[in-house]
>>> print(open('input.cif').read())   # mmCIF, N, CA and C atoms
data_run
loop_
_atom_site.label_atom_id
_atom_site.label_comp_id
_atom_site.auth_asym_id
_atom_site.auth_seq_id
_atom_site.Cartn_x
_atom_site.Cartn_y
_atom_site.Cartn_z
N MET A 1 -6.35 13.03 -7.23
CA MET A 1 -7.06 12.69 -6.01
C MET A 1 -6.24 11.65 -5.25
N THR A 2 -5.61 12.08 -4.21
CA THR A 2 -4.78 11.15 -3.44
C THR A 2 -5.62 10.46 -2.37
N ASN A 3 -5.16 9.31 -1.95
CA ASN A 3 -5.83 8.56 -0.90
C ASN A 3 -4.77 7.84 -0.09
N ALA A 4 -5.18 7.14 0.96
CA ALA A 4 -4.23 6.47 1.85
C ALA A 4 -3.38 5.45 1.11
N PHE A 5 -3.99 4.68 0.21
CA PHE A 5 -3.23 3.67 -0.53
C PHE A 5 -2.21 4.34 -1.44
N ALA A 6 -2.63 5.39 -2.14
CA ALA A 6 -1.72 6.13 -3.03
C ALA A 6 -0.53 6.67 -2.24
N SER A 7 -0.80 7.27 -1.11
CA SER A 7 0.27 7.84 -0.27
C SER A 7 1.20 6.75 0.23
N TYR A 8 0.63 5.61 0.61
CA TYR A 8 1.45 4.51 1.13
C TYR A 8 2.37 3.96 0.04
N ILE A 9 1.84 3.71 -1.15
CA ILE A 9 2.66 3.19 -2.24
C ILE A 9 3.74 4.20 -2.61
N ALA A 10 3.37 5.46 -2.72
CA ALA A 10 4.34 6.51 -3.06
C ALA A 10 5.44 6.58 -2.01
N SER A 11 5.07 6.51 -0.74
CA SER A 11 6.09 6.59 0.32
C SER A 11 7.00 5.37 0.30
N GLN A 12 6.46 4.20 -0.01
CA GLN A 12 7.29 3.00 -0.09
C GLN A 12 8.28 3.10 -1.25
N LEU A 13 7.85 3.64 -2.37
CA LEU A 13 8.77 3.83 -3.49
C LEU A 13 9.92 4.74 -3.10
N VAL A 14 9.61 5.82 -2.39
CA VAL A 14 10.66 6.75 -1.96
C VAL A 14 11.57 6.09 -0.93
N LEU A 15 10.98 5.46 0.08
CA LEU A 15 11.78 4.82 1.13
C LEU A 15 12.70 3.73 0.59
N GLN A 16 12.22 3.03 -0.42
CA GLN A 16 13.00 1.93 -0.98
C GLN A 16 13.84 2.35 -2.18
N ASP A 17 13.79 3.64 -2.51
CA ASP A 17 14.53 4.18 -3.65
C ASP A 17 14.25 3.36 -4.91
N ARG A 18 12.95 3.13 -5.13
CA ARG A 18 12.50 2.37 -6.30
C ARG A 18 11.69 3.28 -7.20
N THR A 19 11.64 2.89 -8.46
CA THR A 19 10.81 3.60 -9.42
C THR A 19 9.52 2.81 -9.65
N ALA A 20 8.57 3.48 -10.25
CA ALA A 20 7.33 2.79 -10.63
C ALA A 20 7.63 1.67 -11.61
N ASP A 21 8.60 1.89 -12.50
CA ASP A 21 8.99 0.84 -13.45
C ASP A 21 9.53 -0.39 -12.73
N GLN A 22 10.34 -0.17 -11.71
CA GLN A 22 10.91 -1.30 -10.95
C GLN A 22 9.81 -2.06 -10.21
N LEU A 23 8.89 -1.34 -9.61
CA LEU A 23 7.79 -2.00 -8.90
C LEU A 23 6.91 -2.76 -9.88
N ALA A 24 6.63 -2.16 -11.00
CA ALA A 24 5.80 -2.83 -12.01
C ALA A 24 6.45 -4.13 -12.45
N GLU A 25 7.73 -4.09 -12.74
CA GLU A 25 8.43 -5.30 -13.17
C GLU A 25 8.41 -6.37 -12.09
N ALA A 26 8.70 -5.98 -10.86
CA ALA A 26 8.72 -6.94 -9.75
C ALA A 26 7.34 -7.54 -9.49
N ALA A 27 6.29 -6.75 -9.75
CA ALA A 27 4.92 -7.21 -9.51
C ALA A 27 4.34 -7.95 -10.72
N GLY A 28 5.10 -7.99 -11.81
CA GLY A 28 4.65 -8.74 -12.98
C GLY A 28 3.86 -7.95 -14.00
N TYR A 29 3.93 -6.63 -13.93
CA TYR A 29 3.25 -5.78 -14.91
C TYR A 29 4.21 -5.44 -16.04
N LYS A 30 3.70 -5.37 -17.25
CA LYS A 30 4.55 -5.05 -18.40
C LYS A 30 4.92 -3.58 -18.45
N ARG A 31 4.02 -2.72 -17.96
CA ARG A 31 4.27 -1.28 -17.96
C ARG A 31 3.96 -0.71 -16.58
N SER A 32 4.57 0.44 -16.31
CA SER A 32 4.38 1.08 -15.00
C SER A 32 3.16 1.97 -14.95
N THR A 33 2.40 2.04 -16.02
CA THR A 33 1.23 2.93 -16.07
C THR A 33 0.29 2.68 -14.90
N ILE A 34 0.03 1.41 -14.59
CA ILE A 34 -0.88 1.07 -13.50
C ILE A 34 -0.34 1.54 -12.15
N ILE A 35 0.97 1.42 -11.95
CA ILE A 35 1.58 1.87 -10.69
C ILE A 35 1.40 3.39 -10.56
N GLY A 36 1.60 4.11 -11.66
CA GLY A 36 1.39 5.56 -11.66
C GLY A 36 -0.04 5.92 -11.29
N MET A 37 -0.98 5.13 -11.76
CA MET A 37 -2.39 5.37 -11.42
C MET A 37 -2.62 5.14 -9.93
N TRP A 38 -1.96 4.12 -9.36
CA TRP A 38 -2.09 3.88 -7.92
C TRP A 38 -1.53 5.07 -7.14
N VAL A 39 -0.34 5.51 -7.53
CA VAL A 39 0.35 6.60 -6.81
C VAL A 39 -0.44 7.91 -6.90
N ARG A 40 -1.11 8.13 -8.00
CA ARG A 40 -1.92 9.35 -8.16
C ARG A 40 -3.30 9.21 -7.54
N GLY A 41 -3.65 8.02 -7.07
CA GLY A 41 -4.95 7.80 -6.45
C GLY A 41 -6.08 7.68 -7.46
N GLU A 42 -5.75 7.38 -8.70
CA GLU A 42 -6.77 7.25 -9.74
C GLU A 42 -7.42 5.87 -9.75
N PHE A 43 -6.76 4.92 -9.13
CA PHE A 43 -7.19 3.53 -9.22
C PHE A 43 -6.53 2.77 -8.08
N ILE A 44 -7.19 1.76 -7.55
CA ILE A 44 -6.55 0.86 -6.59
C ILE A 44 -6.64 -0.55 -7.16
N PRO A 45 -5.67 -1.40 -6.82
CA PRO A 45 -5.68 -2.75 -7.38
C PRO A 45 -6.78 -3.60 -6.75
N ASP A 46 -7.09 -4.68 -7.41
CA ASP A 46 -8.01 -5.66 -6.83
C ASP A 46 -7.37 -6.22 -5.56
N GLN A 47 -8.19 -6.48 -4.56
CA GLN A 47 -7.66 -6.95 -3.28
C GLN A 47 -6.89 -8.26 -3.40
N SER A 48 -7.16 -9.03 -4.43
CA SER A 48 -6.44 -10.31 -4.60
C SER A 48 -4.96 -10.09 -4.90
N LEU A 49 -4.59 -8.88 -5.31
CA LEU A 49 -3.19 -8.58 -5.61
C LEU A 49 -2.40 -8.13 -4.38
N LEU A 50 -3.06 -7.87 -3.27
CA LEU A 50 -2.38 -7.33 -2.10
C LEU A 50 -1.30 -8.25 -1.54
N PRO A 51 -1.51 -9.56 -1.42
CA PRO A 51 -0.42 -10.40 -0.90
C PRO A 51 0.85 -10.33 -1.76
N LYS A 52 0.70 -10.38 -3.07
CA LYS A 52 1.86 -10.28 -3.98
C LYS A 52 2.52 -8.92 -3.84
N LEU A 53 1.72 -7.87 -3.78
CA LEU A 53 2.26 -6.52 -3.65
C LEU A 53 3.01 -6.36 -2.33
N ALA A 54 2.46 -6.89 -1.24
CA ALA A 54 3.14 -6.82 0.06
C ALA A 54 4.48 -7.56 0.00
N GLU A 55 4.48 -8.70 -0.65
CA GLU A 55 5.71 -9.48 -0.79
C GLU A 55 6.75 -8.71 -1.61
N VAL A 56 6.34 -8.17 -2.74
CA VAL A 56 7.25 -7.44 -3.62
C VAL A 56 7.83 -6.21 -2.91
N LEU A 57 6.99 -5.51 -2.15
CA LEU A 57 7.44 -4.32 -1.44
C LEU A 57 8.15 -4.66 -0.12
N GLY A 58 7.96 -5.88 0.36
CA GLY A 58 8.55 -6.26 1.64
C GLY A 58 7.91 -5.54 2.80
N VAL A 59 6.59 -5.35 2.72
CA VAL A 59 5.87 -4.62 3.76
C VAL A 59 4.85 -5.53 4.45
N ASP A 60 4.38 -5.09 5.57
CA ASP A 60 3.38 -5.80 6.35
C ASP A 60 2.05 -5.84 5.59
N ILE A 61 1.51 -7.02 5.38
CA ILE A 61 0.27 -7.18 4.62
C ILE A 61 -0.90 -6.48 5.31
N VAL A 62 -0.92 -6.49 6.63
CA VAL A 62 -2.03 -5.86 7.35
C VAL A 62 -2.02 -4.35 7.11
N THR A 63 -0.85 -3.74 7.21
CA THR A 63 -0.74 -2.30 6.98
C THR A 63 -1.12 -1.95 5.54
N LEU A 64 -0.64 -2.75 4.59
CA LEU A 64 -1.00 -2.52 3.20
C LEU A 64 -2.50 -2.64 3.00
N ALA A 65 -3.09 -3.68 3.58
CA ALA A 65 -4.54 -3.90 3.43
C ALA A 65 -5.35 -2.78 4.09
N LEU A 66 -4.91 -2.29 5.23
CA LEU A 66 -5.63 -1.20 5.89
C LEU A 66 -5.59 0.07 5.03
N ASN A 67 -4.44 0.34 4.41
CA ASN A 67 -4.35 1.49 3.51
C ASN A 67 -5.24 1.29 2.29
N TRP A 68 -5.29 0.06 1.79
CA TRP A 68 -6.16 -0.25 0.66
C TRP A 68 -7.63 -0.04 1.05
N LEU A 69 -8.00 -0.54 2.23
CA LEU A 69 -9.38 -0.38 2.69
C LEU A 69 -9.76 1.09 2.86
N ALA A 70 -8.83 1.88 3.37
CA ALA A 70 -9.09 3.31 3.54
C ALA A 70 -9.40 3.97 2.19
N ALA A 71 -8.73 3.50 1.14
CA ALA A 71 -8.99 4.04 -0.20
C ALA A 71 -10.27 3.46 -0.79
N ALA A 72 -10.51 2.18 -0.54
CA ALA A 72 -11.69 1.51 -1.12
C ALA A 72 -12.99 1.96 -0.47
N LEU A 73 -12.91 2.33 0.80
CA LEU A 73 -14.10 2.75 1.56
C LEU A 73 -13.85 4.13 2.16
N PRO A 74 -13.84 5.16 1.32
CA PRO A 74 -13.45 6.49 1.80
C PRO A 74 -14.32 7.03 2.93
N ASN A 75 -15.54 6.59 3.06
CA ASN A 75 -16.38 7.06 4.16
C ASN A 75 -15.90 6.54 5.50
N GLN A 76 -15.08 5.50 5.47
CA GLN A 76 -14.54 4.90 6.69
C GLN A 76 -13.04 5.19 6.86
N GLU A 77 -12.51 6.10 6.05
CA GLU A 77 -11.06 6.34 6.05
C GLU A 77 -10.51 6.68 7.43
N GLU A 78 -11.19 7.49 8.18
CA GLU A 78 -10.69 7.89 9.50
C GLU A 78 -10.48 6.67 10.41
N ALA A 79 -11.42 5.74 10.40
CA ALA A 79 -11.30 4.53 11.22
C ALA A 79 -10.11 3.69 10.76
N PHE A 80 -9.93 3.57 9.45
CA PHE A 80 -8.81 2.77 8.94
C PHE A 80 -7.48 3.45 9.24
N LEU A 81 -7.42 4.76 9.14
CA LEU A 81 -6.18 5.46 9.45
C LEU A 81 -5.81 5.29 10.91
N SER A 82 -6.80 5.28 11.78
CA SER A 82 -6.56 5.00 13.20
C SER A 82 -6.01 3.58 13.38
N ALA A 83 -6.58 2.64 12.65
CA ALA A 83 -6.11 1.26 12.73
C ALA A 83 -4.69 1.13 12.20
N ILE A 84 -4.34 1.91 11.19
CA ILE A 84 -2.98 1.89 10.64
C ILE A 84 -1.99 2.36 11.70
N VAL A 85 -2.32 3.41 12.41
CA VAL A 85 -1.45 3.91 13.47
C VAL A 85 -1.27 2.85 14.55
N THR A 86 -2.37 2.22 14.94
CA THR A 86 -2.30 1.15 15.95
C THR A 86 -1.41 0.02 15.46
N ARG A 87 -1.57 -0.37 14.20
CA ARG A 87 -0.76 -1.45 13.63
C ARG A 87 0.71 -1.08 13.62
N ALA A 88 1.04 0.14 13.26
CA ALA A 88 2.43 0.59 13.25
C ALA A 88 3.02 0.52 14.66
N GLN A 89 2.23 0.88 15.65
CA GLN A 89 2.69 0.81 17.04
C GLN A 89 2.93 -0.63 17.46
N GLN A 90 2.05 -1.54 17.05
CA GLN A 90 2.23 -2.95 17.37
C GLN A 90 3.51 -3.49 16.76
N ILE A 91 3.77 -3.15 15.52
CA ILE A 91 4.97 -3.62 14.85
C ILE A 91 6.21 -3.06 15.55
N GLU A 92 6.15 -1.78 15.89
CA GLU A 92 7.28 -1.14 16.58
C GLU A 92 7.58 -1.82 17.91
N LEU A 93 6.54 -2.27 18.59
CA LEU A 93 6.71 -2.92 19.88
C LEU A 93 6.97 -4.42 19.76
N GLY A 94 7.00 -4.91 18.53
CA GLY A 94 7.23 -6.34 18.32
C GLY A 94 6.00 -7.20 18.54
N GLU A 95 4.84 -6.60 18.50
CA GLU A 95 3.59 -7.31 18.72
C GLU A 95 2.85 -7.50 17.39
N ASP A 96 3.61 -7.90 16.36
CA ASP A 96 2.99 -7.94 15.04
C ASP A 96 2.09 -9.14 14.81
N GLY A 97 2.08 -10.12 15.69
CA GLY A 97 1.15 -11.23 15.60
C GLY A 97 1.41 -12.16 14.42
N GLN A 98 2.56 -12.05 13.80
CA GLN A 98 2.85 -12.93 12.67
C GLN A 98 4.01 -13.84 12.99
#
>>> encode(input="input.cif", output="structure tokens")
Amino acid sequence: MTNAFASYIASQLVLQDRTADQLAEAAGYKRSTIIGMWVRGEFIPDQSLLPKLAEVLGVDIVTLALNWLAAALPNQEEAFLSAIVTRAQQIELGEDGQ
């Protein structure tokens, strides 16, 4: 069962030419099993881990959080996906607000 967060993490691994093992190590996990569960959409991390995960991946925390919210609240996924597109456009235009 894939979700927005799973797709986002999987795409970041591909874009960064990283493995689940490498991400797990960088994020402080002993094994990559949990990363595999994220990528397959079986589980999402606690929201308190998002800042560390964004740092490790070198990605925008807002975009990561919106993907997480889309997975955490599937009934609202369409609204969050729209917000993700808007956020990507803001970043592209240099209006990232950070």
>>> closest_residue(input="input.cif", among="A:Glu95, A:Ile9, A:Ala20, A:Glu77", to="Ala54 (chain A)", atoms="only C-alpha atoms")
A:Ile9
>>> atom_distance(input="input.cif", atom1="atom C of Pro74 (chain A)", atom2="atom C of Arg18 (chain A)")
28.2 Å
>>> atom_distance(input="input.cif", atom1="atom C of Ala26 (chain A)", atom2="CA of Val62 (chain A)")
19.3 Å
>>> atom_distance(input="input.cif", atom1="atom N of Ala65 (chain A)", atom2="atom C of Gln90 (chain A)")
14.7 Å
>>> residues_around(input="input.cif", residues="region 82-86 of chain A", least_positions_apart="4", cutoff="7 Å", atoms="only C-alpha atoms", output="NGL selection string")
:A and (63 or 66 or 78 or 90)
>>> resolve_selection(input="input.cif", expression="the PyMOL selection byres ((chain A and resi 38-43) around 8)", output="number ranges by chain")
A: 1-11, 32-37, 44-46
>>> closest_residue(input="input.cif", among="A:Leu50, A:Ala79, A:Val14, A:Val56", to="Ala27 (chain A)", atoms="only N, CA and C atoms")
A:Val56
